[in-house]
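Next up, coords37.pdb (PDB, C-alpha atoms):
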```pdb
MODEL        1
ATOM      1  CA  MET D 294     144.989 130.924  16.031  1.00  0.00           C
ATOM      2  CA  ASN D 295     143.440 127.493  15.583  1.00  0.00           C
ATOM      3  CA  GLU D 296     142.393 126.230  12.179  1.00  0.00           C
ATOM      4  CA  LEU D 297     138.997 124.737  12.785  1.00  0.00           C
ATOM      5  CA  VAL D 298     137.262 124.227   9.442  1.00  0.00           C
ATOM      6  CA  GLU D 299     138.609 123.550   5.968  1.00  0.00           C
ATOM      7  CA  LEU D 300     136.384 123.075   2.934  1.00  0.00           C
ATOM      8  CA  GLU D 301     137.250 122.336  -0.678  1.00  0.00           C
ATOM      9  CA  ILE D 302     134.609 123.112  -3.271  1.00  0.00           C
ATOM     10  CA  PRO D 303     134.547 122.493  -7.002  1.00  0.00           C
ATOM     11  CA  ALA D 304     135.130 125.715  -8.928  1.00  0.00           C
ATOM     12  CA  ARG D 305     131.492 126.030  -9.962  1.00  0.00           C
ATOM     13  CA  ALA D 306     128.956 128.684  -8.999  1.00  0.00           C
ATOM     14  CA  GLU D 307     126.479 126.221  -7.502  1.00  0.00           C
ATOM     15  CA  PHE D 308     128.952 125.466  -4.686  1.00  0.00           C
ATOM     16  CA  VAL D 309     129.278 129.065  -3.453  1.00  0.00           C
ATOM     17  CA  ALA D 310     126.139 128.591  -1.342  1.00  0.00           C
ATOM     18  CA  ILE D 311     127.767 125.643   0.462  1.00  0.00           C
ATOM     19  CA  ALA D 312     130.841 127.726   1.306  1.00  0.00           C
ATOM     20  CA  ARG D 313     128.602 130.551   2.525  1.00  0.00           C
ATOM     21  CA  LEU D 314     126.600 128.146   4.692  1.00  0.00           C
ATOM     22  CA  VAL D 315     129.684 126.572   6.282  1.00  0.00           C
ATOM     23  CA  VAL D 316     131.295 129.950   7.003  1.00  0.00           C
ATOM     24  CA  SER D 317     128.102 131.447   8.435  1.00  0.00           C
ATOM     25  CA  SER D 318     127.544 128.392  10.631  1.00  0.00           C
ATOM     26  CA  PHE D 319     131.113 128.626  11.923  1.00  0.00           C
ATOM     27  CA  ALA D 320     130.739 132.371  12.550  1.00  0.00           C
ATOM     28  CA  SER D 321     127.525 131.821  14.470  1.00  0.00           C
ATOM     29  CA  THR D 322     128.237 128.706  16.506  1.00  0.00           C
ATOM     30  CA  SER D 323     132.004 128.725  17.031  1.00  0.00           C
ATOM     31  CA  PHE D 324     132.709 132.434  17.057  1.00  0.00           C
ATOM     32  CA  GLY D 325     129.399 133.957  18.160  1.00  0.00           C
ATOM     33  CA  LEU D 326     129.341 136.703  15.538  1.00  0.00           C
ATOM     34  CA  PRO D 327     126.117 138.780  15.598  1.00  0.00           C
ATOM     35  CA  ASP D 328     123.573 138.138  12.823  1.00  0.00           C
ATOM     36  CA  ASP D 329     124.129 141.443  11.009  1.00  0.00           C
ATOM     37  CA  ARG D 330     127.889 140.811  10.857  1.00  0.00           C
ATOM     38  CA  ILE D 331     127.250 137.247   9.662  1.00  0.00           C
ATOM     39  CA  ASP D 332     125.228 138.692   6.782  1.00  0.00           C
ATOM     40  CA  ASP D 333     128.179 140.935   5.873  1.00  0.00           C
ATOM     41  CA  LEU D 334     130.543 137.968   6.067  1.00  0.00           C
ATOM     42  CA  LYS D 335     128.321 135.800   3.858  1.00  0.00           C
ATOM     43  CA  ILE D 336     128.317 138.444   1.128  1.00  0.00           C
ATOM     44  CA  ALA D 337     132.097 138.898   1.379  1.00  0.00           C
ATOM     45  CA  VAL D 338     132.699 135.129   1.193  1.00  0.00           C
ATOM     46  CA  SER D 339     130.333 134.849  -1.786  1.00  0.00           C
ATOM     47  CA  GLU D 340     132.285 137.542  -3.622  1.00  0.00           C
ATOM     48  CA  ALA D 341     135.658 135.963  -2.787  1.00  0.00           C
ATOM     49  CA  CYS D 342     134.477 132.506  -3.880  1.00  0.00           C
ATOM     50  CA  THR D 343     132.969 133.866  -7.090  1.00  0.00           C
ATOM     51  CA  ASN D 344     136.254 135.601  -7.935  1.00  0.00           C
ATOM     52  CA  ALA D 345     138.143 132.360  -7.193  1.00  0.00           C
ATOM     53  CA  ILE D 346     135.822 130.381  -9.465  1.00  0.00           C
ATOM     54  CA  GLU D 347     136.330 132.906 -12.269  1.00  0.00           C
ATOM     55  CA  ALA D 348     140.108 132.669 -11.771  1.00  0.00           C
ATOM     56  CA  HIS D 349     139.919 128.882 -12.123  1.00  0.00           C
ATOM     57  CA  GLY D 350     137.991 129.327 -15.357  1.00  0.00           C
ATOM     58  CA  VAL D 351     140.708 131.597 -16.737  1.00  0.00           C
ATOM     59  CA  ALA D 352     143.393 129.111 -15.702  1.00  0.00           C
ATOM     60  CA  ASP D 353     141.362 126.203 -17.091  1.00  0.00           C
ATOM     61  CA  THR D 354     142.072 124.099 -14.005  1.00  0.00           C
ATOM     62  CA  GLU D 355     140.023 121.403 -12.338  1.00  0.00           C
ATOM     63  CA  GLU D 356     141.532 122.144  -8.920  1.00  0.00           C
ATOM     64  CA  ARG D 357     139.190 123.057  -6.110  1.00  0.00           C
ATOM     65  CA  VAL D 358     138.719 126.335  -4.291  1.00  0.00           C
ATOM     66  CA  LEU D 359     139.863 126.106  -0.680  1.00  0.00           C
ATOM     67  CA  VAL D 360     137.972 127.855   2.140  1.00  0.00           C
ATOM     68  CA  ARG D 361     139.417 127.891   5.671  1.00  0.00           C
ATOM     69  CA  CYS D 362     137.879 129.249   8.876  1.00  0.00           C
ATOM     70  CA  SER D 363     139.794 129.816  12.079  1.00  0.00           C
ATOM     71  CA  GLU D 364     139.363 131.869  15.198  1.00  0.00           C
ATOM     72  CA  SER D 365     141.317 133.480  17.967  1.00  0.00           C
ATOM     73  CA  ARG D 366     140.187 135.237  21.093  1.00  0.00           C
ATOM     74  CA  ASP D 367     139.309 138.514  19.354  1.00  0.00           C
ATOM     75  CA  HIS D 368     138.790 137.706  15.667  1.00  0.00           C
ATOM     76  CA  MET D 369     137.902 135.080  13.138  1.00  0.00           C
ATOM     77  CA  GLU D 370     139.568 134.602   9.809  1.00  0.00           C
ATOM     78  CA  VAL D 371     138.249 133.192   6.554  1.00  0.00           C
ATOM     79  CA  THR D 372     140.715 132.459   3.764  1.00  0.00           C
ATOM     80  CA  VAL D 373     139.612 131.702   0.204  1.00  0.00           C
ATOM     81  CA  GLU D 374     142.366 130.316  -2.034  1.00  0.00           C
ATOM     82  CA  ASP D 375     142.352 129.693  -5.758  1.00  0.00           C
ATOM     83  CA  ARG D 376     144.848 128.360  -8.273  1.00  0.00           C
ATOM     84  CA  GLY D 377     144.176 130.961 -10.949  1.00  0.00           C
ATOM     85  CA  PRO D 378     146.701 133.208 -12.692  1.00  0.00           C
ATOM     86  CA  GLY D 379     146.830 135.753  -9.865  1.00  0.00           C
ATOM     87  CA  PHE D 380     146.229 139.493 -10.044  1.00  0.00           C
ATOM     88  CA  ASP D 381     147.326 142.737  -8.439  1.00  0.00           C
ATOM     89  CA  PRO D 382     144.448 144.247  -6.434  1.00  0.00           C
ATOM     90  CA  GLY D 383     146.402 147.501  -6.270  1.00  0.00           C
ATOM     91  CA  ILE D 384     145.809 148.183  -9.959  1.00  0.00           C
ATOM     92  CA  LEU D 385     142.032 147.852  -9.871  1.00  0.00           C
ATOM     93  CA  PRO D 386     140.280 150.903 -11.335  1.00  0.00           C
ATOM     94  CA  GLU D 387     138.712 153.416  -8.980  1.00  0.00           C
ATOM     95  CA  HIS D 388     134.936 153.360  -9.015  1.00  0.00           C
ATOM     96  CA  PRO D 389     132.837 156.486  -8.614  1.00  0.00           C
ATOM     97  CA  PRO D 390     130.890 156.872  -5.349  1.00  0.00           C
ATOM     98  CA  VAL D 391     127.565 155.046  -5.203  1.00  0.00           C
ATOM     99  CA  THR D 392     125.730 158.377  -5.487  1.00  0.00           C
ATOM    100  CA  ASP D 393     127.426 159.197  -8.816  1.00  0.00           C
ATOM    101  CA  PRO D 394     125.289 158.307 -11.878  1.00  0.00           C
ATOM    102  CA  ASP D 395     128.477 157.109 -13.637  1.00  0.00           C
ATOM    103  CA  ARG D 396     128.585 154.238 -11.139  1.00  0.00           C
ATOM    104  CA  LEU D 397     125.853 152.587 -13.225  1.00  0.00           C
ATOM    105  CA  LYS D 398     128.387 152.136 -16.036  1.00  0.00           C
ATOM    106  CA  PHE D 399     130.344 149.665 -13.899  1.00  0.00           C
ATOM    107  CA  GLU D 400     128.797 146.225 -14.294  1.00  0.00           C
ATOM    108  CA  ARG D 401     131.821 144.321 -13.045  1.00  0.00           C
ATOM    109  CA  GLY D 402     134.685 144.860 -10.663  1.00  0.00           C
ATOM    110  CA  LEU D 403     132.664 145.811  -7.599  1.00  0.00           C
ATOM    111  CA  GLY D 404     133.352 142.614  -5.631  1.00  0.00           C
ATOM    112  CA  ILE D 405     136.640 143.633  -4.044  1.00  0.00           C
ATOM    113  CA  PRO D 406     135.436 147.105  -2.995  1.00  0.00           C
ATOM    114  CA  LEU D 407     132.323 145.414  -1.589  1.00  0.00           C
ATOM    115  CA  ILE D 408     134.399 142.926   0.413  1.00  0.00           C
ATOM    116  CA  ARG D 409     136.526 145.769   1.770  1.00  0.00           C
ATOM    117  CA  SER D 410     133.432 147.677   2.890  1.00  0.00           C
ATOM    118  CA  LEU D 411     131.805 144.707   4.667  1.00  0.00           C
ATOM    119  CA  VAL D 412     134.629 143.211   6.735  1.00  0.00           C
ATOM    120  CA  ASP D 413     136.990 144.547   9.369  1.00  0.00           C
ATOM    121  CA  ASP D 414     140.114 143.763   7.383  1.00  0.00           C
ATOM    122  CA  VAL D 415     141.001 141.995   4.146  1.00  0.00           C
ATOM    123  CA  GLU D 416     144.326 141.044   2.614  1.00  0.00           C
ATOM    124  CA  PHE D 417     145.069 139.781  -0.881  1.00  0.00           C
ATOM    125  CA  SER D 418     148.109 137.620  -1.597  1.00  0.00           C
ATOM    126  CA  SER D 419     148.601 136.862  -5.249  1.00  0.00           C
ATOM    127  CA  SER D 420     151.217 135.028  -7.275  1.00  0.00           C
ATOM    128  CA  ASP D 421     151.469 132.942 -10.430  1.00  0.00           C
ATOM    129  CA  ASP D 422     150.212 130.017  -8.314  1.00  0.00           C
ATOM    130  CA  GLY D 423     146.936 131.711  -7.364  1.00  0.00           C
ATOM    131  CA  THR D 424     145.370 134.163  -4.979  1.00  0.00           C
ATOM    132  CA  ALA D 425     144.469 133.983  -1.299  1.00  0.00           C
ATOM    133  CA  VAL D 426     141.892 136.357   0.152  1.00  0.00           C
ATOM    134  CA  ARG D 427     142.158 136.646   3.946  1.00  0.00           C
ATOM    135  CA  ILE D 428     139.005 138.088   5.547  1.00  0.00           C
ATOM    136  CA  ILE D 429     139.050 139.217   9.191  1.00  0.00           C
ATOM    137  CA  MET D 430     136.007 139.780  11.385  1.00  0.00           C
ATOM    138  CA  ARG D 431     136.692 141.138  14.883  1.00  0.00           C
ATOM    139  CA  ARG D 432     134.728 140.908  18.099  1.00  0.00           C
ATOM    140  CA  GLU D 433     135.074 142.821  21.301  1.00  0.00           C
ATOM    141  CA  VAL D 434     136.669 140.862  24.100  1.00  0.00           C
ATOM    142  CA  ASP D 435     135.566 141.437  27.676  1.00  0.00           C
ATOM    143  CA  GLU D 436     138.887 141.639  29.520  1.00  0.00           C
ATOM    144  CA  ASP D 437     137.121 141.167  32.889  1.00  0.00           C
ATOM    145  CA  LEU D 438     135.764 137.802  31.784  1.00  0.00           C
ATOM    146  CA  LEU D 439     139.218 136.768  30.635  1.00  0.00           C
ATOM    147  CA  ASP D 440     140.684 137.708  34.012  1.00  0.00           C
ATOM    148  CA  ASP D 441     137.987 135.660  35.779  1.00  0.00           C
ATOM    149  CA  ASP D 442     138.719 132.652  33.569  1.00  0.00           C
ATOM    150  CA  GLU D 443     142.411 132.785  34.401  1.00  0.00           C
ATOM    151  CA  GLU D 444     141.841 132.600  38.190  1.00  0.00           C
TER     152      GLU D 444
ENDMDL
END
```
Mind turning the file's structure into structure tokens?
Amino acid sequence: MNELVELEIPARAEFVAIARLVVSSFASTSFGLPDDRIDDLKIAVSEACTNAIEAHGVADTEERVLVRCSESRDHMEVTVEDRGPGFDPGILPEHPPVTDPDRLKFERGLGIPLIRSLVDDVEFSSSDDGTAVRIIMRREVDEDLLDDDEE
């Protein structure tokens, strides 16, 4: 996997749009992700960046949020790293299904379930030094084209 793009943004909400723009441009031009999947990725990156910014606020740090994009033959990866206090995504409360009227009582805490529903894979690594969210978007690889390229 090659690391192709790295972006540091101030931990402020007005910079989330820049991260979203860079990631969507990378997904479109470098990776060739279809438009509907790019829309999913933009939402997921927005949620991850927003969570990172909130973590920086809790930690009262001036450090920047780091966003990295890389690609391989069959997938692209976006990593969003913060320097907040860390958290355990395994202890997040269960939310009712979207069709349940009780879902309306949840005003916060929907970002991680949303990310999980929009991307092909997501991993959370958290410690006292911060959290890294690794987002994976896959594409189908035409094996015949690969064979032709190798000849």
- Query: So, counting all atoms listed in the file, which residue among D:Arg330, D:Arg313, D:Arg376, D:Arg366 is closest to Cys342 of chain D?
  - Reply: D:Arg313
- On this structure, which residues satisfy the PyMOL selection byres ((chain D and resi 371) around 9), written as a PyMOL selection string? chain D and resi 316+338+360-364+369-370+372-373+426-430
- Find the residues around Leu359 of chain D up to 7 Å (only C-alpha atoms counted), leave out those fewer than 6 positions away in its own chain, and share them as a ChimeraX atom specification. /D:300-302,373-375
So that all listed atoms of segment 405-418 of chain D fit with 4 Å spare on each side, what axis-aligned box centre and edge lengths in Å, to one decimal, would you give as AutoDock Vina command-line options?
```
--center_x 140.0 --center_y 142.6 --center_z 2.7 --size_x 24.3 --size_y 18.1 --size_z 21.4
```
- Interatomic distance between atom CA of Ser419 of chain D and atom CA of Glu387 of chain D?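 Result for atom CA of Ser419 of chain D versus atom CA of Glu387 of chain D: 19.6 Å, one decimal.
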- Message: Rounded to one decimal, what separation in Å do you get between atom CA of Glu347 of chain D and atom CA of Leu407 of chain D?
- Response: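 It comes out at 16.9 Å.
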- Do you have the atom CA of Gly404 of chain D-atom CA of Ile336 of chain D distance handy?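 Taking atom CA of Gly404 of chain D and atom CA of Ile336 of chain D, their separation equals 9.4 Å.
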- Message: Give me the residues near Asp367 of chain D as number ranges by chain, where near means some atom within 8 Å (using only C-alpha atoms) and where sequence neighbours in that chain fewer than 2 positions away do not count.
- Response: D: 364-365, 369, 431-434
- Note on the structure: Nearest to Leu326 of chain D, restricted to all atoms listed in the file and choosing among D:Ser339, D:Ala310, D:His368, D:Ser420, comes out as D:His368
- Go through D:Asp381, D:Ala312, D:Leu334, D:Val358 one by one, measure the shortest atom-to-atom distance of each to Asp413 of chain D using only C-alpha atoms, and give the residue with the smallest value.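 When distances to Asp413 of chain D are compared using only C-alpha atoms, the smallest one comes from D:Leu334.
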- Given the file shown, determine the residues that the PyMOL selection byres ((chain D and resi 349) around 9) selects; report them as a list in words. Ala304, Asn344, Ala345, Ile346, Glu347, Ala348, Gly350, Val351, Ala352, Asp353, Thr354, Glu355, Glu356, Arg357, Val358, Asp375, Arg376, Gly377, Pro378 and Gly423 of chain D
